[in-house]
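Undergrad: Let me begin by handing over the structure; questions about it come next.
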Amino acid sequence: MPQTAVRRIVILTGAGVSKESGLDTFRDPDGIWSRVRLEDVATPAAFERDPARVHAFYNARRRALLCGDIAPNPAHAALARLEAEWPGEVLLVTQNIDDLHERAGSRNLLHMHGEILKARCQGCREVTPWAADMDGDTLCPACGRAGTLRVDVVWFGEMPFEMDRIFSALEACDLFVSIGTSGSVYPAAGFVQEVRMAGQAHTVELNLEPSEGHSRFAARHYGPAGRIVPEFVERVLEDGW
Ligand code: APR
């Protein structure tokens with residue numbers, strides 16, 4: 001058992017961790033925001049203006065996620081293994097709205113940008129598991145109203161979920177690892193700075209290429225997540241950091 005046995009780990013993941021599973025990132029040259037303007041599909045104003053378009057965007061992504069070709073990759077599996085085998089606490093904070101971390105076995109997981117497999121009623125506020133398409137006529141299963149359902153994801157201009165728990169964990173952690181995120185969207189992009197200001201935690205970036213905030217990390221490893229995350233987890237479980 002490593003000397004660091006009781007130490008706390010916080011992992012932040014972004015779209016890059018799901019890329020090798022077949023899901024597109026946002027800001028890479030072939031990314032989602034190269035095909036559609038986020039102002040048209042991922043803001044409260046877009047939903048007010050054209051709910052059908054917003055529903056169609058998320059319906060297509062939900063169908064792709066559930067089509068049967070998408071599965072967790074070795075990076076997801078390694079993070080589930082870390083949670084299972086590390087004697088201290090591992091909190092996984094993801095910006096991803098897919099369910100690949102869950103499918104790989106991660107349990108101590110916060111979806112700060114919500115989940116595409118949930119629907120939220122803007123009338124009664126109930127959140128419901130959701131695997132089907134959604135449109136302006138879909139009835140809320142809780143209150144029965146039509147036209148009040150939206151996908152339970154966080155749009156630009158909205159407050160991410162679970163921020164109190166996330167900031168407490170960042171302040172108390174001993175290791176912070178950022179994986180597969182470009183570091184261009186706050187508040188997640190500011191987590192490394194938060195950790196550094198709070199104390200002595202070690203900070204690591206694992207990404208295909210240096211992110212916008214790469215210089216804030218004490219250690220950096222670059223390559224595909226499916227290779228470098230399992231290598232990193234193996235090292236941490238063997239030797240700590
Ligand atoms: N392995 C590791 N990293 C990868 C891989 C890979 N196979 N492929 C791409 N990446 C890296 C890219 O180099 C990039 O730095 O993943 C990062 C993905 O960045 P973004 O597309 O900006 O995704 P993310 O950081 O998750 O975006 C944050 O922006 O639009 C919003 O709400 C959306 O949650 C998302 C947020």
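We name chains A, B, ... following the order of the structure tokens; residues begin at 1 in each chain, and ligands are numbered from 1 as shown.
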For ligand 1, list the contacting residues at 6 Å or closer, counting only C-alpha atoms and all ligand atoms, as a list in words.
TA: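 Protein and nucleic-acid residues within 6 Å of ligand 1: Gly14, Ala15, Gly16, Val17, Lys19, Glu20, Thr25, Phe26, Arg27, Asp28, Gln95, Asn96, Gly180, Thr181, Ser182, Gly183, Val185, Asn207, Leu208, Glu209, Ser211, Pro224 and Ala225 of chain A.
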Undergrad: Include all heavy atoms and write out the residues we just selected as a short mmCIF file (atom, residue, chain, number, x, y, z; two decimals), in the first residue's frame.
TA:
```cif
data_model
loop_
_atom_site.label_atom_id
_atom_site.label_comp_id
_atom_site.auth_asym_id
_atom_site.auth_seq_id
_atom_site.Cartn_x
_atom_site.Cartn_y
_atom_site.Cartn_z
N GLY A 14 -13.19 15.94 -19.04
CA GLY A 14 -13.88 16.66 -20.09
C GLY A 14 -14.07 15.76 -21.30
O GLY A 14 -13.79 14.54 -21.24
N ALA A 15 -14.50 16.35 -22.38
CA ALA A 15 -14.91 15.58 -23.56
C ALA A 15 -13.80 14.68 -24.10
O ALA A 15 -14.07 13.64 -24.70
CB ALA A 15 -15.38 16.54 -24.65
N GLY A 16 -12.54 15.06 -23.89
CA GLY A 16 -11.43 14.26 -24.42
C GLY A 16 -11.40 12.84 -23.87
O GLY A 16 -10.88 11.93 -24.53
N VAL A 17 -11.97 12.63 -22.69
CA VAL A 17 -11.94 11.29 -22.09
C VAL A 17 -12.91 10.36 -22.82
O VAL A 17 -12.73 9.14 -22.82
CB VAL A 17 -12.21 11.36 -20.57
CG1 VAL A 17 -13.69 11.37 -20.25
CG2 VAL A 17 -11.53 10.22 -19.83
N LYS A 19 -13.59 10.73 -26.16
CA LYS A 19 -13.31 10.79 -27.62
C LYS A 19 -13.04 9.40 -28.20
O LYS A 19 -13.57 9.04 -29.26
CB LYS A 19 -12.12 11.72 -27.85
CG LYS A 19 -11.62 11.77 -29.27
CD LYS A 19 -12.55 12.55 -30.16
CE LYS A 19 -12.00 12.61 -31.59
NZ LYS A 19 -12.94 13.20 -32.53
N GLU A 20 -12.23 8.61 -27.51
CA GLU A 20 -11.90 7.28 -28.04
C GLU A 20 -13.06 6.29 -27.89
O GLU A 20 -12.99 5.17 -28.42
CB GLU A 20 -10.64 6.74 -27.35
CG GLU A 20 -9.39 7.50 -27.78
CD GLU A 20 -8.32 7.49 -26.71
OE1 GLU A 20 -7.65 6.46 -26.56
OE2 GLU A 20 -8.17 8.52 -26.01
N THR A 25 -15.53 15.69 -29.27
CA THR A 25 -15.25 16.78 -28.33
C THR A 25 -15.96 18.03 -28.89
O THR A 25 -16.68 17.95 -29.88
CB THR A 25 -13.74 17.03 -28.20
OG1 THR A 25 -13.23 17.36 -29.49
CG2 THR A 25 -13.03 15.80 -27.64
N PHE A 26 -15.72 19.18 -28.24
CA PHE A 26 -16.39 20.40 -28.67
C PHE A 26 -15.50 21.30 -29.51
O PHE A 26 -15.91 21.80 -30.55
CB PHE A 26 -16.88 21.20 -27.43
CG PHE A 26 -17.95 20.46 -26.70
CD1 PHE A 26 -17.65 19.63 -25.64
CD2 PHE A 26 -19.27 20.58 -27.09
CE1 PHE A 26 -18.64 18.92 -24.97
CE2 PHE A 26 -20.27 19.87 -26.45
CZ PHE A 26 -19.95 19.04 -25.39
N ARG A 27 -14.25 21.50 -29.08
CA ARG A 27 -13.43 22.54 -29.68
C ARG A 27 -12.30 22.02 -30.56
O ARG A 27 -11.50 22.80 -31.05
CB ARG A 27 -12.87 23.46 -28.58
CG ARG A 27 -13.97 24.24 -27.92
CD ARG A 27 -13.55 25.02 -26.71
NE ARG A 27 -14.76 25.61 -26.12
CZ ARG A 27 -15.64 24.92 -25.36
NH1 ARG A 27 -15.39 23.66 -25.05
NH2 ARG A 27 -16.72 25.52 -24.91
N ASP A 28 -12.21 20.70 -30.74
CA ASP A 28 -11.22 20.19 -31.69
C ASP A 28 -11.71 20.52 -33.10
O ASP A 28 -12.88 20.86 -33.29
CB ASP A 28 -11.04 18.67 -31.49
CG ASP A 28 -10.28 18.36 -30.19
OD1 ASP A 28 -9.21 18.97 -30.00
OD2 ASP A 28 -10.77 17.56 -29.38
N GLN A 95 -17.38 17.13 -16.65
CA GLN A 95 -18.15 18.10 -17.44
C GLN A 95 -18.99 17.37 -18.49
O GLN A 95 -19.79 17.99 -19.18
CB GLN A 95 -17.20 19.06 -18.15
CG GLN A 95 -16.34 19.87 -17.20
CD GLN A 95 -15.23 20.61 -17.96
OE1 GLN A 95 -15.41 21.73 -18.40
NE2 GLN A 95 -14.10 19.96 -18.12
N ASN A 96 -18.78 16.06 -18.61
CA ASN A 96 -19.45 15.31 -19.67
C ASN A 96 -20.88 14.97 -19.27
O ASN A 96 -21.15 14.62 -18.13
CB ASN A 96 -18.68 14.01 -19.98
CG ASN A 96 -17.27 14.31 -20.46
OD1 ASN A 96 -16.98 15.44 -20.87
ND2 ASN A 96 -16.40 13.34 -20.41
N GLY A 180 -8.52 15.46 -20.31
CA GLY A 180 -9.32 15.60 -21.52
C GLY A 180 -10.21 16.81 -21.57
O GLY A 180 -11.32 16.75 -22.08
N THR A 181 -9.70 17.92 -21.05
CA THR A 181 -10.48 19.17 -21.15
C THR A 181 -9.59 20.31 -21.63
O THR A 181 -8.43 20.40 -21.23
CB THR A 181 -11.18 19.51 -19.81
OG1 THR A 181 -11.84 20.77 -19.92
CG2 THR A 181 -10.24 19.52 -18.63
N SER A 182 -10.16 21.16 -22.48
CA SER A 182 -9.36 22.23 -23.09
C SER A 182 -9.12 23.38 -22.12
O SER A 182 -8.33 24.27 -22.41
CB SER A 182 -10.07 22.76 -24.33
OG SER A 182 -11.34 23.30 -23.98
N GLY A 183 -9.82 23.39 -20.99
CA GLY A 183 -9.61 24.45 -20.02
C GLY A 183 -10.11 25.78 -20.53
O GLY A 183 -9.61 26.83 -20.15
N VAL A 185 -13.60 26.56 -20.45
CA VAL A 185 -14.91 26.90 -19.88
C VAL A 185 -14.83 26.94 -18.35
O VAL A 185 -14.44 25.97 -17.70
CB VAL A 185 -15.97 25.86 -20.33
CG1 VAL A 185 -17.31 26.14 -19.66
CG2 VAL A 185 -16.13 25.89 -21.84
N ASN A 207 -3.77 15.12 -21.05
CA ASN A 207 -4.55 15.58 -22.20
C ASN A 207 -3.83 15.21 -23.49
O ASN A 207 -2.65 14.82 -23.46
CB ASN A 207 -4.73 17.10 -22.12
CG ASN A 207 -5.99 17.61 -22.83
OD1 ASN A 207 -7.01 16.93 -22.82
ND2 ASN A 207 -5.90 18.77 -23.44
N LEU A 208 -4.55 15.32 -24.59
CA LEU A 208 -3.91 15.04 -25.87
C LEU A 208 -2.84 16.08 -26.17
O LEU A 208 -1.80 15.78 -26.76
CB LEU A 208 -4.98 15.04 -26.98
CG LEU A 208 -4.58 14.46 -28.32
CD1 LEU A 208 -4.13 13.02 -28.18
CD2 LEU A 208 -5.75 14.56 -29.30
N GLU A 209 -3.10 17.30 -25.76
CA GLU A 209 -2.17 18.41 -26.03
C GLU A 209 -2.30 19.41 -24.87
O GLU A 209 -3.28 19.35 -24.13
CB GLU A 209 -2.55 19.09 -27.34
CG GLU A 209 -3.95 19.65 -27.29
CD GLU A 209 -4.56 19.97 -28.65
OE1 GLU A 209 -3.93 19.66 -29.66
OE2 GLU A 209 -5.66 20.53 -28.64
N SER A 211 -3.44 22.17 -22.55
CA SER A 211 -4.69 22.94 -22.50
C SER A 211 -4.36 24.42 -22.35
O SER A 211 -3.19 24.79 -22.19
CB SER A 211 -5.52 22.49 -21.30
OG SER A 211 -4.90 22.95 -20.12
N PRO A 224 -3.14 10.16 -26.00
CA PRO A 224 -4.56 9.77 -25.93
C PRO A 224 -4.93 9.25 -24.55
O PRO A 224 -4.17 8.49 -23.94
CB PRO A 224 -4.68 8.68 -27.00
CG PRO A 224 -3.31 8.27 -27.34
CD PRO A 224 -2.36 9.35 -26.92
N ALA A 225 -6.10 9.66 -24.07
CA ALA A 225 -6.52 9.30 -22.71
C ALA A 225 -6.54 7.79 -22.51
O ALA A 225 -6.19 7.30 -21.43
CB ALA A 225 -7.91 9.89 -22.43
#
```
Undergrad: From a DSSP pass on the backbone, collect the residues of stretch 53-89 of chain A flagged as alpha helix (DSSP H) and hand them back as a PyMOL selection string.
TA: chain A and resi 53-66+74-85
Undergrad: Just list the residues in stretch 38-155 of chain A DSSP gives strand (DSSP E) on the backbone, as a list in words.
TA: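 Matching residues for strand (DSSP E) in stretch 38-155 of chain A are Val90, Leu91, Leu92, Val93, Thr94, Leu109, Leu110, His111, Gly114, Glu115, Ile116, Leu117, Lys118, Ala119, Arg120, Cys121, Val127, Thr128, Pro129, Leu149, Arg150, Val151, Asp152 and Val153 of chain A.
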Undergrad: Out of A:Cys124, A:Val233, A:Leu91, A:Ala189, which residue has the shortest atom-to-atom distance to A:Ile11 when counting only C-alpha atoms?
TA: A:Leu91
Undergrad: Contacts of A:His55 at 8 Å or less, counting only C-alpha atoms, minus same-chain residues fewer than 3 places along, as a ChimeraX atom specification?
TA: /A:51-52,58-59,133-135,150-151
Undergrad: Select, from A:His76, A:Arg62, A:His111, A:His214, the residue with the minimum atom-to-atom distance to A:Arg165, counting only C-alpha atoms.
TA: A:His111
Undergrad: From the set A:Arg145, A:Ser106, A:His221, A:Ser21, which residue has the shortest atom-to-atom contact distance to A:Gly68, counting only C-alpha atoms?
TA: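 Counting only C-alpha atoms, the residue closest to A:Gly68 is A:Ser21.
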Undergrad: Residues near A:Thr128, anyone? I mean within 10 Å using only C-alpha atoms, not counting same-chain ones fewer than 2 positions away, as a ChimeraX atom specification.
TA: /A:117-121,125-126,130-131,140-142,149,151-152
Undergrad: Could you save the residues just selected, with N, CA, C and O atoms, as a compact mmCIF listing (two decimals), in the first residue's frame?
TA:
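Result written to selection_3.txt:
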```
# COMPACT_ATOMS: atom_id res chain seq x y z
N LEU A 117 -29.13 11.92 -20.17
CA LEU A 117 -30.11 10.85 -19.95
C LEU A 117 -31.07 11.19 -18.80
O LEU A 117 -31.60 10.30 -18.14
N LYS A 118 -31.26 12.50 -18.57
CA LYS A 118 -32.27 12.94 -17.61
C LYS A 118 -33.05 14.10 -18.22
O LYS A 118 -32.51 14.88 -19.01
N ALA A 119 -34.31 14.20 -17.83
CA ALA A 119 -35.15 15.33 -18.24
C ALA A 119 -35.56 16.10 -16.99
O ALA A 119 -35.73 15.52 -15.92
N ARG A 120 -35.68 17.43 -17.18
CA ARG A 120 -36.12 18.27 -16.05
C ARG A 120 -37.38 19.02 -16.46
O ARG A 120 -37.43 19.59 -17.55
N CYS A 121 -38.36 19.02 -15.58
CA CYS A 121 -39.59 19.76 -15.85
C CYS A 121 -39.42 21.20 -15.36
O CYS A 121 -39.08 21.42 -14.20
N ARG A 125 -40.24 21.06 -11.63
CA ARG A 125 -38.81 20.91 -11.27
C ARG A 125 -38.35 19.46 -11.13
O ARG A 125 -37.20 19.20 -10.82
N GLU A 126 -39.25 18.51 -11.31
CA GLU A 126 -38.88 17.10 -11.14
C GLU A 126 -37.85 16.69 -12.21
O GLU A 126 -37.95 17.08 -13.37
N TRP A 130 -34.22 9.69 -18.57
CA TRP A 130 -34.83 9.91 -19.88
C TRP A 130 -33.97 9.32 -21.00
O TRP A 130 -32.85 9.75 -21.19
N ALA A 131 -34.51 8.36 -21.73
CA ALA A 131 -33.74 7.73 -22.82
C ALA A 131 -34.36 8.00 -24.19
O ALA A 131 -33.75 7.69 -25.21
N CYS A 140 -44.64 15.82 -19.06
CA CYS A 140 -43.83 15.55 -17.87
C CYS A 140 -44.44 14.35 -17.14
O CYS A 140 -45.62 14.37 -16.80
N PRO A 141 -43.63 13.31 -16.88
CA PRO A 141 -44.19 12.13 -16.22
C PRO A 141 -44.61 12.42 -14.78
O PRO A 141 -45.41 11.69 -14.22
N ALA A 142 -44.11 13.50 -14.18
CA ALA A 142 -44.45 13.79 -12.79
C ALA A 142 -45.73 14.62 -12.69
O ALA A 142 -46.65 14.28 -11.95
N LEU A 149 -40.82 20.15 -20.45
CA LEU A 149 -39.61 19.34 -20.26
C LEU A 149 -38.43 19.91 -21.03
O LEU A 149 -38.57 20.39 -22.16
N VAL A 151 -33.94 18.96 -21.49
CA VAL A 151 -32.86 18.06 -21.11
C VAL A 151 -32.18 18.62 -19.85
O VAL A 151 -32.05 19.84 -19.70
N ASP A 152 -31.77 17.73 -18.95
CA ASP A 152 -31.20 18.18 -17.67
C ASP A 152 -29.70 18.43 -17.80
O ASP A 152 -28.89 17.81 -17.12
```
Undergrad: From the options A:Phe176, A:Leu66, A:Val41, A:Gly123, which residue's atoms come nearest to A:Val90, counting only C-alpha atoms?
TA: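 Answer, going by the shortest atom-to-atom distance: A:Phe176.
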Undergrad: Can you pull out every residue within 9 Å of A:Ala77, counting only C-alpha atoms, but drop anything in the same chain fewer than 4 positions away, and send it as an NGL selection string?
TA: :A and (72-73 or 81-82 or 101 or 103-106 or 230)
Undergrad: Residues as selected, N, CA and C atoms, written as a CSV table (one decimal), in the first residue's frame, can you do that?
TA:
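File produced: selection-v3.csv:
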```csv
chain,number,residue,atom,x,y,z
A,72,PRO,N,-17.6,2.6,-22.8
A,72,PRO,CA,-16.4,3.1,-22.1
A,72,PRO,C,-15.1,2.6,-22.7
A,73,ASN,N,-14.1,3.5,-22.6
A,73,ASN,CA,-12.8,3.1,-23.1
A,73,ASN,C,-11.8,2.9,-21.9
A,81,ARG,N,-11.3,1.9,-11.7
A,81,ARG,CA,-10.4,1.1,-10.9
A,81,ARG,C,-9.7,1.9,-9.8
A,82,LEU,N,-9.4,3.2,-10.1
A,82,LEU,CA,-8.7,4.0,-9.1
A,82,LEU,C,-9.7,4.2,-7.9
A,101,HIS,N,-18.8,7.1,-17.6
A,101,HIS,CA,-18.1,6.9,-16.3
A,101,HIS,C,-18.9,5.9,-15.5
A,103,ARG,N,-21.1,3.7,-16.7
A,103,ARG,CA,-21.0,2.4,-17.3
A,103,ARG,C,-19.7,1.6,-17.0
A,104,ALA,N,-18.6,2.4,-16.8
A,104,ALA,CA,-17.3,1.8,-16.5
A,104,ALA,C,-17.2,1.4,-15.0
A,105,GLY,N,-18.2,1.9,-14.2
A,105,GLY,CA,-18.1,1.5,-12.8
A,105,GLY,C,-17.8,2.6,-11.8
A,106,SER,N,-17.6,3.9,-12.2
A,106,SER,CA,-17.4,5.0,-11.3
A,106,SER,C,-18.7,5.2,-10.5
A,230,PRO,N,-4.7,5.0,-18.0
A,230,PRO,CA,-4.4,3.8,-17.3
A,230,PRO,C,-2.9,3.7,-16.8
```
Undergrad: Using only C-alpha atoms, which protein or nucleic acid residues come within 8 Å of A:Arg53? Drop anything in the same chain fewer than 4 positions from it, and give the result as a ChimeraX atom specification.
TA: /A:40-41,47,57
Undergrad: Neighbouring residues of A:Glu171 were defined as those with any atom within 9 Å, considering only C-alpha atoms; residues of the same chain fewer than 2 positions away were excluded. Please report them as a ChimeraX atom specification.
TA: /A:166-169,173-174,194-199,201
Undergrad: Next, the residues of the selection above should be written as an mmCIF file, in the first residue's frame with all heavy atoms.
TA:
```cif
data_model
loop_
_atom_site.group_PDB
_atom_site.id
_atom_site.type_symbol
_atom_site.label_atom_id
_atom_site.label_comp_id
_atom_site.auth_asym_id
_atom_site.auth_seq_id
_atom_site.Cartn_x
_atom_site.Cartn_y
_atom_site.Cartn_z
ATOM 1 N N ILE A 166 -18.183 20.537 -4.872
ATOM 2 C CA ILE A 166 -16.953 20.482 -5.677
ATOM 3 C C ILE A 166 -15.884 21.389 -5.074
ATOM 4 O O ILE A 166 -14.734 20.975 -4.889
ATOM 5 C CB ILE A 166 -17.246 20.866 -7.144
ATOM 6 C CG1 ILE A 166 -18.140 19.795 -7.784
ATOM 7 C CG2 ILE A 166 -15.950 21.023 -7.927
ATOM 8 C CD1 ILE A 166 -18.706 20.179 -9.151
ATOM 9 N N PHE A 167 -16.243 22.609 -4.709
ATOM 10 C CA PHE A 167 -15.223 23.521 -4.159
ATOM 11 C C PHE A 167 -14.703 23.016 -2.818
ATOM 12 O O PHE A 167 -13.504 23.135 -2.531
ATOM 13 C CB PHE A 167 -15.757 24.954 -4.073
ATOM 14 C CG PHE A 167 -15.650 25.680 -5.386
ATOM 15 C CD1 PHE A 167 -16.767 26.122 -6.058
ATOM 16 C CD2 PHE A 167 -14.407 25.906 -5.970
ATOM 17 C CE1 PHE A 167 -16.671 26.773 -7.289
ATOM 18 C CE2 PHE A 167 -14.281 26.559 -7.203
ATOM 19 C CZ PHE A 167 -15.417 26.985 -7.856
ATOM 20 N N SER A 168 -15.582 22.418 -1.999
ATOM 21 C CA SER A 168 -15.095 21.838 -0.727
ATOM 22 C C SER A 168 -14.082 20.733 -1.010
ATOM 23 O O SER A 168 -13.047 20.626 -0.339
ATOM 24 C CB SER A 168 -16.238 21.240 0.084
ATOM 25 O OG SER A 168 -17.161 22.225 0.374
ATOM 26 N N ALA A 169 -14.381 19.891 -1.977
ATOM 27 C CA ALA A 169 -13.474 18.784 -2.307
ATOM 28 C C ALA A 169 -12.153 19.309 -2.867
ATOM 29 O O ALA A 169 -11.078 18.790 -2.546
ATOM 30 C CB ALA A 169 -14.135 17.840 -3.299
ATOM 31 N N CYS A 173 -8.411 18.489 -1.170
ATOM 32 C CA CYS A 173 -7.755 17.355 -1.836
ATOM 33 C C CYS A 173 -6.234 17.442 -1.743
ATOM 34 O O CYS A 173 -5.656 18.486 -1.477
ATOM 35 C CB CYS A 173 -8.219 17.229 -3.287
ATOM 36 S SG CYS A 173 -7.479 18.419 -4.406
ATOM 37 N N ASP A 174 -5.603 16.286 -1.970
ATOM 38 C CA ASP A 174 -4.136 16.187 -1.986
ATOM 39 C C ASP A 174 -3.598 16.018 -3.405
ATOM 40 O O ASP A 174 -2.427 16.250 -3.659
ATOM 41 C CB ASP A 174 -3.708 14.993 -1.136
ATOM 42 C CG ASP A 174 -4.210 15.120 0.281
ATOM 43 O OD1 ASP A 174 -3.692 15.992 0.999
ATOM 44 O OD2 ASP A 174 -5.158 14.392 0.652
ATOM 45 N N GLU A 194 -7.868 27.125 -7.986
ATOM 46 C CA GLU A 194 -8.532 26.974 -6.689
ATOM 47 C C GLU A 194 -7.729 26.011 -5.798
ATOM 48 O O GLU A 194 -7.481 26.285 -4.621
ATOM 49 C CB GLU A 194 -9.929 26.391 -6.954
ATOM 50 C CG GLU A 194 -10.908 26.516 -5.844
ATOM 51 C CD GLU A 194 -11.325 27.939 -5.575
ATOM 52 O OE1 GLU A 194 -11.301 28.777 -6.494
ATOM 53 O OE2 GLU A 194 -11.645 28.223 -4.412
ATOM 54 N N VAL A 195 -7.327 24.895 -6.382
ATOM 55 C CA VAL A 195 -6.562 23.885 -5.640
ATOM 56 C C VAL A 195 -5.220 24.469 -5.202
ATOM 57 O O VAL A 195 -4.793 24.313 -4.060
ATOM 58 C CB VAL A 195 -6.342 22.631 -6.527
ATOM 59 C CG1 VAL A 195 -5.330 21.698 -5.893
ATOM 60 C CG2 VAL A 195 -7.656 21.910 -6.768
ATOM 61 N N ARG A 196 -4.583 25.180 -6.105
ATOM 62 C CA ARG A 196 -3.264 25.746 -5.779
ATOM 63 C C ARG A 196 -3.368 26.782 -4.666
ATOM 64 O O ARG A 196 -2.514 26.860 -3.791
ATOM 65 C CB ARG A 196 -2.654 26.387 -7.024
ATOM 66 C CG ARG A 196 -2.090 25.335 -7.979
ATOM 67 C CD ARG A 196 -1.730 25.946 -9.305
ATOM 68 N NE ARG A 196 -0.992 27.190 -9.127
ATOM 69 C CZ ARG A 196 0.065 27.539 -9.833
ATOM 70 N NH1 ARG A 196 0.540 26.741 -10.756
ATOM 71 N NH2 ARG A 196 0.657 28.681 -9.645
ATOM 72 N N MET A 197 -4.412 27.577 -4.681
ATOM 73 C CA MET A 197 -4.561 28.615 -3.652
ATOM 74 C C MET A 197 -4.886 28.003 -2.305
ATOM 75 O O MET A 197 -4.566 28.555 -1.272
ATOM 76 C CB MET A 197 -5.648 29.614 -4.057
ATOM 77 C CG MET A 197 -5.175 30.521 -5.158
ATOM 78 S SD MET A 197 -6.297 31.885 -5.528
ATOM 79 C CE MET A 197 -7.877 31.119 -5.554
ATOM 80 N N ALA A 198 -5.561 26.817 -2.339
ATOM 81 C CA ALA A 198 -6.001 26.204 -1.074
ATOM 82 C C ALA A 198 -4.846 25.559 -0.316
ATOM 83 O O ALA A 198 -4.936 25.378 0.892
ATOM 84 C CB ALA A 198 -7.091 25.176 -1.344
ATOM 85 N N GLY A 199 -3.784 25.178 -0.985
ATOM 86 C CA GLY A 199 -2.717 24.525 -0.222
ATOM 87 C C GLY A 199 -1.689 23.807 -1.066
ATOM 88 O O GLY A 199 -1.247 24.320 -2.081
ATOM 89 N N ALA A 201 -1.694 20.691 -2.567
ATOM 90 C CA ALA A 201 -2.035 19.537 -3.412
ATOM 91 C C ALA A 201 -1.191 19.500 -4.681
ATOM 92 O O ALA A 201 -0.854 20.537 -5.258
ATOM 93 C CB ALA A 201 -3.512 19.597 -3.783
#
```
Undergrad: Out of A:Asp50, A:Asp99, A:Pro160, A:Ala132, which residue has the shortest atom-to-atom distance to A:Arg63 when counting only C-alpha atoms?
TA: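 Between A:Asp50, A:Asp99, A:Pro160, A:Ala132, the residue approaching A:Arg63 most closely is A:Ala132.
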